[in-house]
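First up is the structure itself, then whatever we jot down about it.
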Amino acid sequence: MSGVRFHAGLHGWQKGRRLSRHAVVDVGSNTIHLLVGEVDGGEVLPVTGEKVSARLGAGVEKSGRIAEERLELAADAIGLFARISALNGVSEPVILATSAVRDAENGPELTERVRELTGLKVRLISGEEEAELGFRGAVSAVGASWEGPALVVDLGGGSAQLIVGQAQSGPLMQVSLPLGSNRTTERFVEHDPAKKKELRSLDGHVKEMMPGWGLSQRVSVVAVGGSARAMLKITRDSLTVERLRRLALEVSDRPSAVLAREYGLAPERARVMPAAITTLAAILEHFGRDALTVARGGLREGTLLTLAEGKET
């Protein structure tokens with residue numbers, strides 16, 4: 001776990017008013033994240049954040065269950081994050097669980113452990129809810145530079161959310177697909193480093209799963225999620241289809257442990273990068289787009305925006 005940052009945030013008071021402060025714990029298939037933040041004029045202002053790699057989704061594709069030791073680690077991490085939230089002025093963080101907990105037979109065990117440990121409720125959100133919150137977070141991150149309609153691809157560990165919409169009017173079409181980078185790595189990428197034939201098989205699978213949306217050429221593509229952000233550590237080039245194809249091969253020419261060391265990635269993130277990059281390239285090709293951009297907002301930011309409006313997630 002990275003260093004915990006305890007501070008109250010000096011921007012809590014602006015122009016004689018106190019900004020609303022909220023906290024969300026995002027229980028993902030790979031990582032559990034905490035974000036405490038304030039919202040001002042539709043912008044999320046982070047106060048503190050933390051993460052721990054619990055890899056809840058590891059093995060779920062094959063066994064259908066979350067490993068016992070990972071359940072224990074996740075519950076302890078959520079308990080710690082609840083205490084960090086309280087120290088930063090939020091007594092009850094919203095705890096959202098996504099694909100790994102949603103899909104596992106023993107997912108309800110985590111919600112029960114967290115309730116016993118903290119008294120807090122873990123909310124299992126649907127793929128559709130995850131997509132809507134991710135879209136809101138992406139919009140907030142892109143901000144004023146968002147022009148025209150966009151396809152937001154929220155690539156997680158267990159699932160991928162595809163959302164078409166506009167910044168002002170919100171989502172117009174959305175779908176949740178079992179194409180998360182942990183899941184596809186377990187299913188298609190047996191070797192480390194990945195083999196070309198494995199990535200070709202994954203590419204075909206992704207394209208078969210794509211919805212038959214007819215998108216105009218005005219629709220740009222925005223990617224969010226940990227794997228999308230990790231690409232920015234590996235390359236500063238424009239993320240065109242051609243560059244993504246080359247990048248998938250580049251990250252597959254050495255073991256993931258070496259990739260992790262070279263670019264400062266978590267080992268589990270490095271392991272799924274060939275599948276993640278291949279998935280994003282396949283999505284671009286399916287929809288006939290030339291390139292994508294990466295936004296740093298996502299589900300957590302979207303949740304804080306929703307909470308600041310007084311709505312329940």
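The way I read the labels, and the way they are meant: chains A, B, ... in the order of the structure tokens, residue 1 as the first residue of every chain, and ligand 1 as the first ligand shown, with later ones counted on from there.
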I need the residues in range 102-133 of chain A that are helix (DSSP H, G or I) according to DSSP; give them as a ChimeraX atom specification. /A:102-103,107-118,127-133
Could those selected residues go to a file with C-alpha atoms, as a PDB file, in the first residue's frame?
ATOM      1  CA  ARG A 102     -20.852  -8.922  -8.709  1.00  0.00           C
ATOM      2  CA  ASP A 103     -19.903 -12.064 -10.630  1.00  0.00           C
ATOM      3  CA  GLY A 107     -19.255 -12.071  -3.475  1.00  0.00           C
ATOM      4  CA  PRO A 108     -21.913 -11.581  -0.754  1.00  0.00           C
ATOM      5  CA  GLU A 109     -19.353 -12.789   1.813  1.00  0.00           C
ATOM      6  CA  LEU A 110     -17.386  -9.588   1.315  1.00  0.00           C
ATOM      7  CA  THR A 111     -20.420  -7.395   1.966  1.00  0.00           C
ATOM      8  CA  GLU A 112     -21.113  -9.312   5.181  1.00  0.00           C
ATOM      9  CA  ARG A 113     -17.509  -9.045   6.388  1.00  0.00           C
ATOM     10  CA  VAL A 114     -17.435  -5.299   5.740  1.00  0.00           C
ATOM     11  CA  ARG A 115     -20.742  -4.848   7.576  1.00  0.00           C
ATOM     12  CA  GLU A 116     -19.407  -6.740  10.593  1.00  0.00           C
ATOM     13  CA  LEU A 117     -16.107  -4.842  10.535  1.00  0.00           C
ATOM     14  CA  THR A 118     -17.342  -1.295   9.877  1.00  0.00           C
ATOM     15  CA  GLY A 127     -22.768  -2.685 -15.211  1.00  0.00           C
ATOM     16  CA  GLU A 128     -25.189  -0.003 -16.385  1.00  0.00           C
ATOM     17  CA  GLU A 129     -24.742   2.041 -13.201  1.00  0.00           C
ATOM     18  CA  GLU A 130     -20.986   1.611 -13.459  1.00  0.00           C
ATOM     19  CA  ALA A 131     -21.129   2.908 -17.034  1.00  0.00           C
ATOM     20  CA  GLU A 132     -23.155   5.997 -16.113  1.00  0.00           C
ATOM     21  CA  LEU A 133     -20.889   6.932 -13.217  1.00  0.00           C
TER      22      LEU A 133
END
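Proximity to Phe135 in chain A was assessed for A:Ser252, A:Asn88, A:Thr306, A:Ser29 counting only C-alpha atoms; the smallest distance is recorded for A:Thr306.
Distances to Ser227 in chain A were evaluated for A:Asp192, A:Glu262, A:Asp154, A:Glu198 using only C-alpha atoms, and the minimum falls at A:Asp154.
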Across A:Leu284, A:Val36, A:Met209, A:Leu215, the smallest distance to Leu87 in chain A, with only C-alpha atoms counted, is shown by A:Val36
Check the DSSP output for the backbone and give back, as a PyMOL selection string, the residues of range 90-217 of chain A in strand (DSSP E). chain A and resi 94-97+122-124+150-155+160-166+170-177
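Interatomic distance, CA of Leu35 in chain A to CA of Arg21 in chain A: 10.6 Å.
Between CA of Thr279 in chain A and CA of Leu202 in chain A lies a distance of 7.4 Å.
Distances from A:His33, A:Asn106, A:Ala141, A:Gly64 to Pro93 in chain A were compared using only C-alpha atoms, and the smallest one belongs to A:His33.
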Within 12 Å of Arg245 in chain A using only C-alpha atoms, minus same-chain residues under 3 positions, as a PyMOL selection string: chain A and resi 196+199-200+203+239-242+248-252+274-285+291
Give me a file of those residues, with N, CA and C atoms, as a compact mmCIF listing (two decimals), in the first residue's frame.
# COMPACT_ATOMS: atom_id res chain seq x y z
N LYS A 196 1.86 -13.67 -29.79
CA LYS A 196 1.08 -12.97 -30.81
C LYS A 196 -0.23 -13.68 -31.10
N LEU A 199 -2.90 -12.82 -28.58
CA LEU A 199 -3.48 -11.50 -28.76
C LEU A 199 -4.38 -11.45 -29.99
N ARG A 200 -4.05 -12.22 -31.03
CA ARG A 200 -4.93 -12.28 -32.21
C ARG A 200 -6.27 -12.91 -31.84
N ASP A 203 -8.22 -10.35 -29.94
CA ASP A 203 -8.71 -9.31 -30.84
C ASP A 203 -10.02 -9.75 -31.52
N LEU A 239 -2.24 7.99 -29.37
CA LEU A 239 -2.72 6.62 -29.26
C LEU A 239 -3.62 6.27 -30.44
N THR A 240 -2.99 6.16 -31.60
CA THR A 240 -3.69 5.74 -32.80
C THR A 240 -3.82 4.22 -32.80
N VAL A 241 -4.66 3.69 -33.69
CA VAL A 241 -4.79 2.24 -33.81
C VAL A 241 -3.44 1.60 -34.10
N GLU A 242 -2.71 2.19 -35.04
CA GLU A 242 -1.41 1.64 -35.40
C GLU A 242 -0.46 1.65 -34.21
N ALA A 248 1.11 -2.99 -28.09
CA ALA A 248 0.76 -4.32 -27.56
C ALA A 248 1.90 -5.30 -27.78
N LEU A 249 2.56 -5.20 -28.94
CA LEU A 249 3.71 -6.08 -29.22
C LEU A 249 4.92 -5.69 -28.38
N GLU A 250 5.12 -4.38 -28.19
CA GLU A 250 6.26 -3.92 -27.41
C GLU A 250 6.18 -4.39 -25.96
N VAL A 251 4.98 -4.34 -25.37
CA VAL A 251 4.85 -4.76 -23.97
C VAL A 251 4.83 -6.28 -23.85
N SER A 252 4.78 -6.96 -25.00
CA SER A 252 4.79 -8.43 -25.00
C SER A 252 6.15 -9.01 -25.37
N PRO A 274 -0.80 -6.27 -22.14
CA PRO A 274 -1.00 -6.72 -23.53
C PRO A 274 -2.47 -6.91 -23.88
N ALA A 275 -3.24 -7.51 -22.97
CA ALA A 275 -4.66 -7.72 -23.23
C ALA A 275 -5.42 -6.40 -23.24
N ALA A 276 -5.09 -5.51 -22.31
CA ALA A 276 -5.79 -4.22 -22.24
C ALA A 276 -5.58 -3.40 -23.50
N ILE A 277 -4.34 -3.31 -23.95
CA ILE A 277 -4.03 -2.52 -25.15
C ILE A 277 -4.67 -3.14 -26.38
N THR A 278 -4.62 -4.47 -26.48
CA THR A 278 -5.25 -5.16 -27.60
C THR A 278 -6.75 -4.92 -27.62
N THR A 279 -7.37 -4.92 -26.47
CA THR A 279 -8.81 -4.68 -26.38
C THR A 279 -9.16 -3.28 -26.86
N LEU A 280 -8.41 -2.28 -26.44
CA LEU A 280 -8.69 -0.90 -26.86
C LEU A 280 -8.47 -0.73 -28.36
N ALA A 281 -7.44 -1.36 -28.90
CA ALA A 281 -7.19 -1.28 -30.34
C ALA A 281 -8.33 -1.92 -31.12
N ALA A 282 -8.81 -3.07 -30.64
CA ALA A 282 -9.91 -3.76 -31.32
C ALA A 282 -11.19 -2.93 -31.31
N ILE A 283 -11.44 -2.25 -30.20
CA ILE A 283 -12.63 -1.39 -30.12
C ILE A 283 -12.53 -0.24 -31.12
N LEU A 284 -11.36 0.38 -31.19
CA LEU A 284 -11.17 1.45 -32.16
C LEU A 284 -11.41 0.95 -33.58
N GLU A 285 -10.82 -0.17 -33.92
CA GLU A 285 -10.98 -0.71 -35.28
C GLU A 285 -12.42 -1.06 -35.57
N ALA A 291 -8.09 7.08 -33.45
CA ALA A 291 -7.29 7.23 -32.23
C ALA A 291 -8.20 7.43 -31.03
Nearest to Arg55 in chain A, chosen from A:Ala257, A:Ala230, A:Val272, A:Val222, with only C-alpha atoms counted in the distances: A:Val272
Quick one: everything within 9 Å of Ala82 in chain A, counting only C-alpha atoms, minus sequence neighbours fewer than 2 positions away in the same chain. Send it as number ranges by chain. A: 23, 25, 34, 77-80, 84-87, 90-93, 118, 120
Considering only C-alpha atoms, return as a short mmCIF file (atom, residue, chain, number, x, y, z; two decimals) with C-alpha atoms, in the first residue's frame whatever protein or nucleic-acid residues lie within 12 Å of Gly212 in chain A, sequence-local ones (same chain, fewer than 3 positions apart) excluded.
data_model
loop_
_atom_site.label_atom_id
_atom_site.label_comp_id
_atom_site.auth_asym_id
_atom_site.auth_seq_id
_atom_site.Cartn_x
_atom_site.Cartn_y
_atom_site.Cartn_z
CA MET A 173 -26.29 4.40 -25.40
CA GLN A 174 -24.39 2.08 -23.11
CA VAL A 175 -23.44 -1.54 -22.65
CA LYS A 207 -14.73 -7.55 -32.07
CA GLU A 208 -17.34 -10.32 -31.85
CA MET A 209 -18.61 -8.82 -28.58
CA LEU A 215 -21.45 5.96 -34.92
CA ILE A 283 -12.63 -1.39 -30.12
CA HIS A 286 -14.51 -2.01 -34.83
CA PHE A 287 -15.94 1.49 -34.75
#
Nearby residues (only C-alpha atoms) at most 10 Å from Ala104 in chain A, same-chain spacing under 4 positions excluded, as an mmCIF file with N, CA and C atoms, in the first residue's frame:
data_model
loop_
_atom_site.group_PDB
_atom_site.id
_atom_site.type_symbol
_atom_site.label_atom_id
_atom_site.label_comp_id
_atom_site.auth_asym_id
_atom_site.auth_seq_id
_atom_site.Cartn_x
_atom_site.Cartn_y
_atom_site.Cartn_z
ATOM 1 N N LEU A 56 -9.176 -9.025 -6.483
ATOM 2 C CA LEU A 56 -10.347 -9.846 -6.191
ATOM 3 C C LEU A 56 -10.766 -10.680 -7.390
ATOM 4 N N GLY A 57 -10.517 -10.176 -8.588
ATOM 5 C CA GLY A 57 -10.945 -10.884 -9.782
ATOM 6 C C GLY A 57 -10.046 -12.033 -10.187
ATOM 7 N N GLY A 59 -8.709 -15.368 -10.827
ATOM 8 C CA GLY A 59 -9.258 -16.719 -10.777
ATOM 9 C C GLY A 59 -10.758 -16.820 -10.852
ATOM 10 N N VAL A 60 -11.473 -15.692 -10.771
ATOM 11 C CA VAL A 60 -12.936 -15.739 -10.787
ATOM 12 C C VAL A 60 -13.459 -16.255 -12.124
ATOM 13 N N GLU A 61 -12.777 -15.926 -13.222
ATOM 14 C CA GLU A 61 -13.204 -16.381 -14.543
ATOM 15 C C GLU A 61 -13.255 -17.909 -14.611
ATOM 16 N N SER A 63 -12.840 -20.202 -11.651
ATOM 17 C CA SER A 63 -13.403 -20.891 -10.479
ATOM 18 C C SER A 63 -14.787 -20.385 -10.096
ATOM 19 N N GLY A 64 -15.098 -19.147 -10.479
ATOM 20 C CA GLY A 64 -16.373 -18.558 -10.091
ATOM 21 C C GLY A 64 -16.388 -18.022 -8.679
ATOM 22 N N ARG A 65 -15.232 -18.054 -7.997
ATOM 23 C CA ARG A 65 -15.175 -17.629 -6.606
ATOM 24 C C ARG A 65 -13.966 -16.720 -6.356
ATOM 25 N N ILE A 66 -14.110 -15.840 -5.369
ATOM 26 C CA ILE A 66 -12.989 -15.016 -4.914
ATOM 27 C C ILE A 66 -12.222 -15.809 -3.868
ATOM 28 N N ALA A 67 -10.901 -15.826 -3.984
ATOM 29 C CA ALA A 67 -10.077 -16.566 -3.036
ATOM 30 C C ALA A 67 -10.257 -16.015 -1.620
ATOM 31 N N SER A 99 -17.400 -5.555 -10.934
ATOM 32 C CA SER A 99 -17.528 -6.832 -11.620
ATOM 33 C C SER A 99 -17.117 -8.058 -10.801
ATOM 34 N N ALA A 100 -15.948 -8.038 -10.165
ATOM 35 C CA ALA A 100 -15.466 -9.248 -9.489
ATOM 36 C C ALA A 100 -16.420 -9.696 -8.396
ATOM 37 N N PRO A 108 -21.194 -12.070 -1.941
ATOM 38 C CA PRO A 108 -21.913 -11.581 -0.754
ATOM 39 C C PRO A 108 -21.130 -11.727 0.548
ATOM 40 N N GLU A 109 -20.146 -12.643 0.591
ATOM 41 C CA GLU A 109 -19.353 -12.789 1.813
ATOM 42 C C GLU A 109 -18.571 -11.516 2.118
#
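Restricting the calculation to only C-alpha atoms, the smallest distance between Trp146 in chain A and any of A:Gly214, A:Gly165, A:Gly158, A:Gly298 is found for A:Gly165.
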Can you tell me which residues surround Gln166 in chain A at a distance of at most 7 Å, considering only C-alpha atoms, apart from same-chain residues fewer than 4 positions away, and format the answer as a PyMOL selection string? chain A and resi 148-150+170-171
